[in-house]
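S.K.: Just coords_30.pdb, nothing more (PDB, C-alpha atoms):
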```
MODEL        1
ATOM      1  CA  MET W   1      25.651  10.220  -2.011
ATOM      2  CA  GLU W   2      25.058  12.910   0.589
ATOM      3  CA  LYS W   3      23.608  11.650   3.803
ATOM      4  CA  SER W   4      20.863  14.205   3.457
ATOM      5  CA  ASP W   5      19.420  12.753   0.242
ATOM      6  CA  VAL W   6      16.368  11.211   1.837
ATOM      7  CA  LEU W   7      12.769  10.809   0.818
ATOM      8  CA  THR W   8      10.617  12.935   3.072
ATOM      9  CA  PHE W   9       6.876  13.332   3.341
ATOM     10  CA  ALA W  10       4.575  14.244   6.190
ATOM     11  CA  GLY W  11       7.503  14.729   8.504
ATOM     12  CA  ARG W  12       8.913  11.259   7.936
ATOM     13  CA  ARG W  13      12.335  10.516   6.438
ATOM     14  CA  PHE W  14      13.306   7.443   4.456
ATOM     15  CA  ARG W  15      16.696   6.531   3.017
ATOM     16  CA  SER W  16      15.253   4.117   0.509
ATOM     17  CA  ARG W  17      13.310   5.555  -2.414
ATOM     18  CA  LEU W  18      11.898   2.188  -3.362
ATOM     19  CA  ILE W  19       8.491   1.181  -2.019
ATOM     20  CA  VAL W  20       7.416  -2.429  -2.431
ATOM     21  CA  GLY W  21       4.241  -4.457  -2.113
ATOM     22  CA  THR W  22       3.110  -7.749  -0.673
ATOM     23  CA  GLY W  23       0.874  -9.236  -3.355
ATOM     24  CA  LYS W  24       1.421 -12.027  -5.882
ATOM     25  CA  TYR W  25       4.437 -13.629  -4.227
ATOM     26  CA  PRO W  26       4.738 -17.433  -4.433
ATOM     27  CA  ASP W  27       4.814 -17.560  -0.638
ATOM     28  CA  TYR W  28       5.452 -15.429   2.439
ATOM     29  CA  VAL W  29       9.075 -16.513   2.803
ATOM     30  CA  SER W  30      10.071 -15.355  -0.679
ATOM     31  CA  MET W  31       8.177 -12.126  -0.022
ATOM     32  CA  GLN W  32      10.159 -11.547   3.137
ATOM     33  CA  ARG W  33      13.464 -12.252   1.390
ATOM     34  CA  ALA W  34      12.544  -9.983  -1.503
ATOM     35  CA  HIS W  35      11.676  -7.154   0.878
ATOM     36  CA  ASP W  36      15.055  -7.587   2.514
ATOM     37  CA  ALA W  37      16.893  -7.625  -0.829
ATOM     38  CA  SER W  38      15.061  -4.526  -2.041
ATOM     39  CA  GLY W  39      16.306  -2.322   0.780
ATOM     40  CA  ALA W  40      12.817  -0.848   0.952
ATOM     41  CA  GLU W  41      11.597   0.736   4.155
ATOM     42  CA  ILE W  42       7.942   1.084   3.192
ATOM     43  CA  VAL W  43       5.716  -1.873   2.324
ATOM     44  CA  THR W  44       2.143  -1.696   1.045
ATOM     45  CA  VAL W  45      -0.556  -4.010   2.386
ATOM     46  CA  ALA W  46      -4.183  -4.629   1.494
ATOM     47  CA  VAL W  47      -7.053  -4.238   3.952
ATOM     48  CA  ARG W  48      -9.300  -7.299   4.021
ATOM     49  CA  ARG W  49     -11.432  -9.538   6.193
ATOM     50  CA  VAL W  50      -9.486 -11.917   8.397
ATOM     51  CA  ASN W  51      -9.566 -15.407   6.935
ATOM     52  CA  LEU W  52     -11.344 -17.213   9.754
ATOM     53  CA  ASP W  53     -10.370 -20.628   8.427
ATOM     54  CA  ARG W  54      -6.695 -19.789   8.505
ATOM     55  CA  THR W  55      -5.813 -17.613  11.443
ATOM     56  CA  GLN W  56      -2.644 -19.543  12.229
ATOM     57  CA  GLU W  57      -0.278 -17.838   9.817
ATOM     58  CA  SER W  58      -0.677 -14.230   8.852
ATOM     59  CA  LEU W  59       1.060 -11.705   6.652
ATOM     60  CA  LEU W  60       2.202  -9.652   9.604
ATOM     61  CA  ASP W  61       4.224 -12.612  10.855
ATOM     62  CA  TYR W  62       6.492 -11.948   7.870
ATOM     63  CA  ILE W  63       6.847  -8.186   8.114
ATOM     64  CA  ASP W  64       8.899  -6.766  10.951
ATOM     65  CA  THR W  65       6.958  -3.614  11.798
ATOM     66  CA  LYS W  66       9.965  -2.238  13.640
ATOM     67  CA  ARG W  67      11.940  -2.357  10.418
ATOM     68  CA  TYR W  68       9.249  -1.536   7.829
ATOM     69  CA  THR W  69       6.657   1.210   7.704
ATOM     70  CA  LEU W  70       3.316  -0.240   6.664
ATOM     71  CA  LEU W  71       1.423   1.580   3.946
ATOM     72  CA  PRO W  72      -2.148   0.238   3.809
ATOM     73  CA  ASN W  73      -3.770   0.614   0.423
ATOM     74  CA  THR W  74      -7.395   0.852  -0.620
ATOM     75  CA  ALA W  75      -7.008  -1.663  -3.433
ATOM     76  CA  GLY W  76     -10.319  -2.967  -4.721
ATOM     77  CA  CYS W  77     -12.228   0.239  -4.014
ATOM     78  CA  TYR W  78     -14.226   1.772  -6.827
ATOM     79  CA  THR W  79     -15.832   4.683  -5.009
ATOM     80  CA  ALA W  80     -14.653   7.395  -2.643
ATOM     81  CA  GLU W  81     -17.015   6.017  -0.002
ATOM     82  CA  GLU W  82     -15.498   2.528  -0.170
ATOM     83  CA  ALA W  83     -11.969   3.921  -0.090
ATOM     84  CA  ILE W  84     -12.727   6.167   2.877
ATOM     85  CA  LYS W  85     -14.293   3.300   4.859
ATOM     86  CA  THR W  86     -11.312   1.088   4.054
ATOM     87  CA  ALA W  87      -8.815   3.746   5.093
ATOM     88  CA  ILE W  88     -10.622   4.312   8.382
ATOM     89  CA  LEU W  89     -10.645   0.587   9.154
ATOM     90  CA  ALA W  90      -6.990   0.339   8.202
ATOM     91  CA  ARG W  91      -6.104   3.090  10.652
ATOM     92  CA  GLU W  92      -8.078   1.344  13.394
ATOM     93  CA  VAL W  93      -5.697  -1.610  13.231
ATOM     94  CA  GLY W  94      -3.335   0.859  14.824
ATOM     95  CA  LEU W  95      -0.214   0.127  12.836
ATOM     96  CA  SER W  96      -0.204   3.050  10.407
ATOM     97  CA  ASP W  97      -1.886   6.365   9.669
ATOM     98  CA  LEU W  98      -0.607   6.416   6.115
ATOM     99  CA  VAL W  99      -2.890   5.450   3.273
ATOM    100  CA  LYS W 100      -2.062   4.661  -0.313
ATOM    101  CA  LEU W 101      -5.320   5.827  -1.805
ATOM    102  CA  GLU W 102      -6.560   3.859  -4.789
ATOM    103  CA  VAL W 103      -9.974   4.491  -6.264
ATOM    104  CA  ILE W 104     -10.269   2.485  -9.416
ATOM    105  CA  GLY W 105     -12.299   3.630 -12.391
ATOM    106  CA  ASP W 106     -12.027   0.683 -14.729
ATOM    107  CA  GLN W 107     -11.567  -3.007 -14.094
ATOM    108  CA  ARG W 108      -9.455  -3.785 -17.156
ATOM    109  CA  THR W 109      -6.943  -0.983 -17.001
ATOM    110  CA  LEU W 110      -7.223  -0.358 -13.256
ATOM    111  CA  PHE W 111      -6.850   3.326 -14.083
ATOM    112  CA  PRO W 112      -7.908   5.622 -11.268
ATOM    113  CA  ASP W 113     -11.265   7.343 -11.074
ATOM    114  CA  ASN W 114      -9.764  10.777 -10.518
ATOM    115  CA  GLU W 115     -13.022  12.445  -9.550
ATOM    116  CA  GLU W 116     -13.683   9.968  -6.732
ATOM    117  CA  LEU W 117     -10.002   9.989  -5.854
ATOM    118  CA  LEU W 118      -9.985  13.743  -5.342
ATOM    119  CA  ASN W 119     -13.109  13.574  -3.157
ATOM    120  CA  ALA W 120     -11.645  10.799  -1.038
ATOM    121  CA  THR W 121      -8.346  12.663  -0.711
ATOM    122  CA  ARG W 122     -10.109  15.756   0.622
ATOM    123  CA  VAL W 123     -12.098  13.779   3.185
ATOM    124  CA  LEU W 124      -9.173  11.689   4.391
ATOM    125  CA  VAL W 125      -6.817  14.666   4.646
ATOM    126  CA  LYS W 126      -9.415  16.384   6.834
ATOM    127  CA  GLU W 127      -9.593  13.230   8.970
ATOM    128  CA  GLY W 128      -5.860  13.513   9.606
ATOM    129  CA  PHE W 129      -4.589  10.783   7.302
ATOM    130  CA  VAL W 130      -1.307  11.006   5.429
ATOM    131  CA  VAL W 131      -2.682  10.453   1.945
ATOM    132  CA  LEU W 132      -0.634   9.170  -0.980
ATOM    133  CA  PRO W 133      -2.976   8.983  -3.972
ATOM    134  CA  TYR W 134      -2.392   6.692  -6.941
ATOM    135  CA  THR W 135      -3.275   8.747  -9.985
ATOM    136  CA  ASN W 136      -2.493   9.053 -13.686
ATOM    137  CA  ASP W 137       0.138  11.196 -15.360
ATOM    138  CA  ASP W 138      -2.073  14.284 -15.673
ATOM    139  CA  PRO W 139      -0.290  17.371 -14.308
ATOM    140  CA  VAL W 140      -3.617  19.154 -13.728
ATOM    141  CA  MET W 141      -4.842  16.255 -11.582
ATOM    142  CA  ALA W 142      -1.544  16.058  -9.728
ATOM    143  CA  LYS W 143      -1.813  19.725  -8.797
ATOM    144  CA  LYS W 144      -5.397  19.282  -7.579
ATOM    145  CA  LEU W 145      -4.374  16.361  -5.392
ATOM    146  CA  GLU W 146      -1.500  18.338  -3.984
ATOM    147  CA  ASP W 147      -3.770  21.318  -3.269
ATOM    148  CA  ALA W 148      -6.201  18.928  -1.594
ATOM    149  CA  GLY W 149      -3.469  18.054   0.888
ATOM    150  CA  ALA W 150      -1.950  14.863  -0.499
ATOM    151  CA  ALA W 151       1.436  14.174   1.099
ATOM    152  CA  ALA W 152       2.813  12.985  -2.244
ATOM    153  CA  VAL W 153       1.445  12.297  -5.695
ATOM    154  CA  MET W 154       1.848   8.938  -7.325
ATOM    155  CA  PRO W 155       1.404   8.994 -11.079
ATOM    156  CA  LEU W 156       1.280   5.639 -12.820
ATOM    157  CA  GLY W 157       4.013   4.729 -15.261
ATOM    158  CA  ALA W 158       1.740   2.263 -17.063
ATOM    159  CA  PRO W 159      -1.236   0.082 -16.060
ATOM    160  CA  ILE W 160      -0.787  -1.884 -12.862
ATOM    161  CA  GLY W 161       1.033  -5.135 -13.513
ATOM    162  CA  SER W 162       1.552  -4.351 -17.199
ATOM    163  CA  GLY W 163       5.318  -4.065 -16.978
ATOM    164  CA  LEU W 164       5.287  -1.462 -19.745
ATOM    165  CA  GLY W 165       7.513   0.971 -17.888
ATOM    166  CA  ILE W 166       7.250   4.743 -17.978
ATOM    167  CA  ARG W 167       4.859   5.307 -20.892
ATOM    168  CA  ASN W 168       4.761   9.094 -20.666
ATOM    169  CA  PRO W 169       7.981  10.482 -19.225
ATOM    170  CA  TYR W 170       7.160  13.928 -20.611
ATOM    171  CA  ASN W 171       4.008  14.306 -18.530
ATOM    172  CA  ILE W 172       5.830  13.055 -15.478
ATOM    173  CA  LYS W 173       8.571  15.621 -16.105
ATOM    174  CA  ILE W 174       5.908  18.329 -16.224
ATOM    175  CA  ILE W 175       4.415  17.093 -12.955
ATOM    176  CA  LEU W 176       7.914  17.201 -11.428
ATOM    177  CA  GLU W 177       8.356  20.812 -12.513
ATOM    178  CA  THR W 178       5.427  22.114 -10.517
ATOM    179  CA  ALA W 179       4.949  19.629  -7.670
ATOM    180  CA  ARG W 180       5.840  20.801  -4.195
ATOM    181  CA  VAL W 181       5.306  17.328  -2.711
ATOM    182  CA  PRO W 182       7.228  14.168  -3.586
ATOM    183  CA  VAL W 183       6.369  12.518  -6.878
ATOM    184  CA  ILE W 184       6.510   8.746  -6.650
ATOM    185  CA  VAL W 185       5.880   6.691  -9.769
ATOM    186  CA  ASP W 186       3.472   3.913  -8.913
ATOM    187  CA  ALA W 187       2.518   1.063 -11.263
ATOM    188  CA  GLY W 188       3.837  -0.266 -14.521
ATOM    189  CA  VAL W 189       7.474  -0.878 -13.629
ATOM    190  CA  GLY W 190       8.579  -4.104 -15.323
ATOM    191  CA  THR W 191      12.318  -4.257 -14.995
ATOM    192  CA  ALA W 192      15.281  -2.391 -13.543
ATOM    193  CA  SER W 193      15.707   0.165 -16.316
ATOM    194  CA  ASP W 194      12.096   1.312 -15.863
ATOM    195  CA  ALA W 195      12.816   2.191 -12.260
ATOM    196  CA  ALA W 196      16.089   3.881 -13.206
ATOM    197  CA  ILE W 197      14.335   5.961 -15.857
ATOM    198  CA  ALA W 198      11.759   7.151 -13.343
ATOM    199  CA  MET W 199      14.516   8.244 -10.984
ATOM    200  CA  GLU W 200      16.563   9.856 -13.767
ATOM    201  CA  LEU W 201      13.568  12.034 -14.604
ATOM    202  CA  GLY W 202      13.798  13.381 -11.096
ATOM    203  CA  CYS W 203      11.117  11.364  -9.353
ATOM    204  CA  ASP W 204      11.396  11.129  -5.600
ATOM    205  CA  GLY W 205      10.646   7.436  -5.482
ATOM    206  CA  VAL W 206       9.207   4.407  -7.193
ATOM    207  CA  LEU W 207       6.531   2.045  -5.938
ATOM    208  CA  MET W 208       6.230  -1.383  -7.446
ATOM    209  CA  ASN W 209       4.860  -4.784  -6.676
ATOM    210  CA  THR W 210       4.286  -7.023  -9.701
ATOM    211  CA  GLY W 211       7.645  -6.096 -11.190
ATOM    212  CA  ILE W 212       9.311  -7.850  -8.272
ATOM    213  CA  ALA W 213       6.758 -10.395  -7.048
ATOM    214  CA  GLY W 214       6.022 -11.648 -10.562
ATOM    215  CA  ALA W 215       9.632 -11.968 -11.674
ATOM    216  CA  LYS W 216      11.059 -15.448 -12.173
ATOM    217  CA  ASP W 217      13.397 -14.772  -9.265
ATOM    218  CA  PRO W 218      11.723 -12.169  -7.068
ATOM    219  CA  VAL W 219      14.630 -11.911  -4.642
ATOM    220  CA  ALA W 220      17.132 -11.238  -7.436
ATOM    221  CA  MET W 221      14.784  -8.723  -9.056
ATOM    222  CA  ALA W 222      14.307  -6.969  -5.734
ATOM    223  CA  GLU W 223      18.052  -6.524  -5.527
ATOM    224  CA  ALA W 224      18.152  -5.301  -9.127
ATOM    225  CA  MET W 225      15.481  -2.735  -8.326
ATOM    226  CA  ARG W 226      17.404  -1.546  -5.308
ATOM    227  CA  HIS W 227      20.412  -0.836  -7.514
ATOM    228  CA  ALA W 228      18.257   0.676 -10.265
ATOM    229  CA  VAL W 229      16.642   3.191  -7.942
ATOM    230  CA  LEU W 230      20.039   4.111  -6.478
ATOM    231  CA  ALA W 231      21.686   4.395  -9.905
ATOM    232  CA  GLY W 232      18.847   6.461 -11.328
ATOM    233  CA  ARG W 233      18.892   8.807  -8.374
ATOM    234  CA  LEU W 234      22.665   9.256  -8.485
ATOM    235  CA  ALA W 235      22.543   9.883 -12.232
ATOM    236  CA  TYR W 236      19.854  12.496 -11.735
ATOM    237  CA  LEU W 237      21.816  14.270  -9.027
ATOM    238  CA  ALA W 238      25.024  14.047 -11.080
ATOM    239  CA  GLY W 239      23.506  16.040 -13.931
ATOM    240  CA  ARG W 240      23.549  14.219 -17.249
ATOM    241  CA  ILE W 241      25.035  15.493 -20.528
ATOM    242  CA  PRO W 242      22.549  16.944 -22.989
ATOM    243  CA  LYS W 243      21.280  14.896 -25.905
ATOM    244  CA  LYS W 244      22.747  16.004 -29.214
ATOM    245  CA  LEU W 245      22.075  15.015 -32.772
ATOM    246  CA  TYR W 246      25.731  15.067 -33.806
ATOM    247  CA  ALA W 247      28.962  13.858 -32.275
ATOM    248  CA  THR W 248      31.236  16.075 -30.227
ATOM    249  CA  ALA W 249      34.771  14.690 -30.098
ATOM    250  CA  SER W 250      36.224  14.023 -26.708
ATOM    251  CA  SER W 251      39.883  14.160 -27.752
ATOM    252  CA  PRO W 252      41.807  17.474 -28.432
ATOM    253  CA  LEU W 253      42.456  18.518 -32.026
ATOM    254  CA  GLU W 254      46.078  19.661 -31.363
ATOM    255  CA  GLY W 255      48.985  17.280 -31.278
ATOM    256  CA  MET W 256      47.627  15.070 -34.053
ATOM    257  CA  ILE W 257      50.201  12.688 -35.546
ATOM    258  CA  GLU W 258      50.957  13.568 -39.166
TER     259      GLU W 258
ATOM    260  CA  MET D   1     -30.234 -35.388  23.486
ATOM    261  CA  ARG D   2     -29.315 -33.528  26.642
ATOM    262  CA  ARG D   3     -26.118 -32.137  25.029
ATOM    263  CA  ARG D   4     -28.059 -30.644  22.110
ATOM    264  CA  ILE D   5     -30.419 -28.823  24.445
ATOM    265  CA  GLU D   6     -27.458 -27.439  26.404
ATOM    266  CA  ALA D   7     -25.814 -26.171  23.215
ATOM    267  CA  ARG D   8     -28.963 -24.307  22.195
ATOM    268  CA  ALA D   9     -29.182 -22.715  25.621
ATOM    269  CA  THR D  10     -25.604 -21.462  25.712
ATOM    270  CA  GLY D  11     -24.966 -20.492  22.078
ATOM    271  CA  MET D  12     -26.067 -17.551  19.977
ATOM    272  CA  GLU D  13     -25.814 -16.920  16.253
ATOM    273  CA  LEU D  14     -23.888 -13.991  14.855
ATOM    274  CA  ILE D  15     -22.642 -13.062  11.422
ATOM    275  CA  VAL D  16     -18.884 -12.829  11.339
ATOM    276  CA  ASN D  17     -17.219 -11.706   8.120
ATOM    277  CA  GLY D  18     -20.331 -12.521   6.173
ATOM    278  CA  LYS D  19     -20.784 -16.032   7.549
ATOM    279  CA  ARG D  20     -23.124 -17.307  10.266
ATOM    280  CA  ARG D  21     -21.316 -18.389  13.367
ATOM    281  CA  GLU D  22     -22.343 -19.931  16.671
ATOM    282  CA  VAL D  23     -20.763 -18.083  19.579
ATOM    283  CA  THR D  24     -20.940 -18.560  23.355
ATOM    284  CA  GLU D  25     -23.955 -16.724  24.779
ATOM    285  CA  GLY D  26     -23.005 -13.383  26.318
ATOM    286  CA  ALA D  27     -19.497 -13.483  24.873
ATOM    287  CA  THR D  28     -17.549 -10.259  24.701
ATOM    288  CA  LEU D  29     -15.474  -9.248  21.693
ATOM    289  CA  THR D  30     -12.350 -10.282  23.559
ATOM    290  CA  VAL D  31     -13.798 -13.743  24.129
ATOM    291  CA  LEU D  32     -14.779 -14.061  20.485
ATOM    292  CA  LEU D  33     -11.367 -13.020  19.171
ATOM    293  CA  ASN D  34      -9.830 -15.531  21.536
ATOM    294  CA  GLU D  35     -12.157 -18.290  20.312
ATOM    295  CA  LEU D  36     -11.195 -17.402  16.735
ATOM    296  CA  ASN D  37      -7.491 -17.381  17.565
ATOM    297  CA  ILE D  38      -7.149 -13.779  16.436
ATOM    298  CA  ASN D  39      -4.612 -11.350  17.848
ATOM    299  CA  PRO D  40      -6.576  -8.191  18.789
ATOM    300  CA  LEU D  41      -3.530  -6.028  18.102
ATOM    301  CA  ARG D  42      -3.630  -6.903  14.413
ATOM    302  CA  VAL D  43      -7.257  -6.260  13.601
ATOM    303  CA  ALA D  44      -9.936  -3.620  13.393
ATOM    304  CA  VAL D  45     -13.484  -4.582  14.330
ATOM    305  CA  GLN D  46     -16.747  -3.241  13.055
ATOM    306  CA  LEU D  47     -19.896  -4.215  14.948
ATOM    307  CA  ASN D  48     -23.188  -3.529  13.193
ATOM    308  CA  LEU D  49     -21.474  -0.958  10.964
ATOM    309  CA  GLU D  50     -19.745   0.870  13.804
ATOM    310  CA  ILE D  51     -16.079   0.616  14.591
ATOM    311  CA  VAL D  52     -15.341  -0.638  18.085
ATOM    312  CA  LYS D  53     -12.249   0.860  19.699
ATOM    313  CA  ARG D  54      -9.820  -1.730  20.935
ATOM    314  CA  GLU D  55     -10.006  -0.618  24.559
ATOM    315  CA  ARG D  56     -13.706  -1.435  24.480
ATOM    316  CA  TYR D  57     -13.378  -5.053  23.289
ATOM    317  CA  GLU D  58     -13.502  -6.381  26.836
ATOM    318  CA  ASN D  59     -16.679  -4.498  27.637
ATOM    319  CA  THR D  60     -18.513  -5.092  24.384
ATOM    320  CA  VAL D  61     -21.035  -7.874  24.935
ATOM    321  CA  LEU D  62     -22.302  -9.516  21.760
ATOM    322  CA  LYS D  63     -25.966 -10.312  21.108
ATOM    323  CA  ALA D  64     -27.645 -12.797  18.784
ATOM    324  CA  GLY D  65     -27.980 -11.330  15.323
ATOM    325  CA  ASP D  66     -24.960  -9.027  15.634
ATOM    326  CA  SER D  67     -22.959  -8.554  12.449
ATOM    327  CA  LEU D  68     -19.207  -8.306  12.749
ATOM    328  CA  GLU D  69     -16.462  -7.423  10.326
ATOM    329  CA  ILE D  70     -13.004  -8.350  11.512
ATOM    330  CA  ILE D  71     -10.419  -6.685   9.305
ATOM    331  CA  THR D  72      -6.672  -7.045   9.050
ATOM    332  CA  PHE D  73      -3.781  -6.436   6.668
ATOM    333  CA  MET D  74      -3.389  -9.042   3.955
ATOM    334  CA  ALA D  75      -0.949  -9.498   1.140
ATOM    335  CA  GLY D  76      -1.847  -7.549  -1.941
ATOM    336  CA  GLY D  77      -2.861  -4.424  -3.634
ATOM    337  CA  ALA D  78      -4.020  -3.759  -7.124
ATOM    338  CA  GLU D  79      -0.456  -3.766  -8.307
TER     339      GLU D  79
ENDMDL
END
```
Could I get this file's structure written as C-alpha cells?
M.R.:
Amino acid sequence: MEKSDVLTFAGRRFRSRLIVGTGKYPDYVSMQRAHDASGAEIVTVAVRRVNLDRTQESLLDYIDTKRYTLLPNTAGCYTAEEAIKTAILAREVGLSDLVKLEVIGDQRTLFPDNEELLNATRVLVKEGFVVLPYTNDDPVMAKKLEDAGAAAVMPLGAPIGSGLGIRNPYNIKIILETARVPVIVDAGVGTASDAAIAMELGCDGVLMNTGIAGAKDPVAMAEAMRHAVLAGRLAYLAGRIPKKLYATASSPLEGMIE
Amino acid sequence: MRRRIEARATGMELIVNGKRREVTEGATLTVLLNELNINPLRVAVQLNLEIVKRERYENTVLKAGDSLEIITFMAGGAE
C-alpha cells in the first residue's frame, strides 16, 4: 500500500481507517488489549458525570492519549441542545476538539434525529468543533451535513449494536459518489466481512464498538477487524473485476489437446 | 457534642453531580477536587450552569447551595 493512503479530515492524518469504542467491554484491561490489537488510532469515549464513589480507577488510565486520539461522543443525547452542551463540556476537558455527534431520534432503533443533528452540526461547526455526525444512509442528509461543515459523514450500516452489517450498500455507494468529505460507516458492523464490505465500497473508514467489545474474544475480533479494514481497502484500491452473469474462461482456447 | 457543633460551623452543603455533599466552608474548586480525589486535568466543571475554566479553579470559592457538575470521559457510546 502506498504510504500516502491515509485517512484525513480537518487537517489530521491517520494511517488506520478503523475507529473503535470503549463501551461494553468486560473490563478495562481487555479493552486496552483490544485497542492495541485493532491498530486503531482514534477511540470514542462517552461524556458523563464523574463517579464520585469510584474515583480511584478511571477510563483514561487505560488509554494512552499520546498514542490514541480521543473522539468524545454525544451518546445519550436526544436533542440538539443536549448534544451541544455535551460537546462543549467534552471540549472543556481539554483532551480533544473533535466530536462524534449523535442525536438520537428513537430509543429502540437508536436511529438519528436528522433534523436535530443538522441543527447541532451547524452550531458546533460555528463554535470551531471538528464535527463527525452519526447519520443514516440518506444521501440528501449526508450532503446537508457536509454543506453544514461536517468534517466527515458517518452513515450507519445497520442499527447500533445490531450486528446486521451494511444493510444498504447502494445508498452508501451513492453517498460516496458525491461526498467531498470522508465517509465513515458507523454502527451495525458485526463481523470482519461487514467491515471489509464497507471498505470495498470505497468508504474512508469504519467505526465500530459492539462488534469488537461484544465478541466472545474481543482481542481476537479486534485483530480480525484490523485485517478486514486493510483487506477491504486494498481490494478497493486494486480495482475488482466486474460481476457477470456467465462464466468467462481463464484459459486460452488454442493448443487444446485432441 | 462539641465536635458536632464544630462540624456545622466549618461545613457547607453543595450539590455535586446531583447529590448533596458536605464540603469544607470556603473551599475552592481546587480544594474540592482534591477532597474528591479527582485529577483536574481530566474533568470539566460546571458551576451553577456555567463552565468554569480550569485556570480559575484555584480562585473559585464555593458557597453553600452551589450546584456542581463534574464531567469526564467514561467508557461507552450508543454503539
S.K.: Residues of chain W within 8 Å of chain D, using all atoms listed in the file, as a PyMOL selection string?
M.R.: chain W and resi 21-24+44-50+52+55-56+58-60+72-76+89-90+92-95+110+160-161+187+208-210
S.K.: What residues come out when you apply the PyMOL selection byres ((chain W and resi 168-174) around 8) to this file, written as a PyMOL selection string?
M.R.: chain W and resi 137-139+155+157+166-167+175-178+198+201-202
S.K.: Write to file, as a short mmCIF file (atom, residue, chain, number, x, y, z; two decimals), keeping the file's coordinate frame, the residues of the selection just made, with C-alpha atoms.
M.R.:
```
data_model
loop_
_atom_site.label_atom_id
_atom_site.label_comp_id
_atom_site.auth_asym_id
_atom_site.auth_seq_id
_atom_site.Cartn_x
_atom_site.Cartn_y
_atom_site.Cartn_z
CA ASP W 137 0.14 11.20 -15.36
CA ASP W 138 -2.07 14.28 -15.67
CA PRO W 139 -0.29 17.37 -14.31
CA PRO W 155 1.40 8.99 -11.08
CA GLY W 157 4.01 4.73 -15.26
CA ILE W 166 7.25 4.74 -17.98
CA ARG W 167 4.86 5.31 -20.89
CA ILE W 175 4.42 17.09 -12.96
CA LEU W 176 7.91 17.20 -11.43
CA GLU W 177 8.36 20.81 -12.51
CA THR W 178 5.43 22.11 -10.52
CA ALA W 198 11.76 7.15 -13.34
CA LEU W 201 13.57 12.03 -14.60
CA GLY W 202 13.80 13.38 -11.10
#
```
S.K.: Could you expand the PyMOL selection byres ((chain D and resi 64-66) around 6) into the explicit residues it covers here, written as a short mmCIF file (atom, residue, chain, number, x, y, z; two decimals) with C-alpha atoms, in the frame of the given file?
M.R.:
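Below is the file that was written, result-v5.cif:
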```
data_model
loop_
_atom_site.label_atom_id
_atom_site.label_comp_id
_atom_site.auth_asym_id
_atom_site.auth_seq_id
_atom_site.Cartn_x
_atom_site.Cartn_y
_atom_site.Cartn_z
CA MET D 12 -26.07 -17.55 19.98
CA GLU D 13 -25.81 -16.92 16.25
CA LEU D 14 -23.89 -13.99 14.86
CA LYS D 63 -25.97 -10.31 21.11
CA SER D 67 -22.96 -8.55 12.45
#
```
S.K.: One number please: atom CA of Asp113 of chain W to atom CA of Ala87 of chain W, in Å, one decimal.
M.R.: 16.7 Å
S.K.: Go through W:Arg180, W:Pro133, W:His227, W:Gly190 and flag the residue nearest Gly214 of chain W, using all atoms listed in the file for the distances.
M.R.: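 Answer, going by the shortest atom-to-atom distance: W:Gly190.
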S.K.: Find the spatial neighbours of Leu71 of chain W, counting all atoms listed in the file, within a cut-off of 6 Å - ignore same-chain residues fewer than 6 positions away - and output them as a list in words.
M.R.: Val43, Thr44, Leu98 and Val99 of chain W
S.K.: Do you know which residues are at most 8 Å from Ala228 of chain W counting all atoms listed in the file, after dropping those on the same chain fewer than 4 positions away, and could you put them as a ChimeraX atom specification?
M.R.: /W:192-193,195-196,224,232
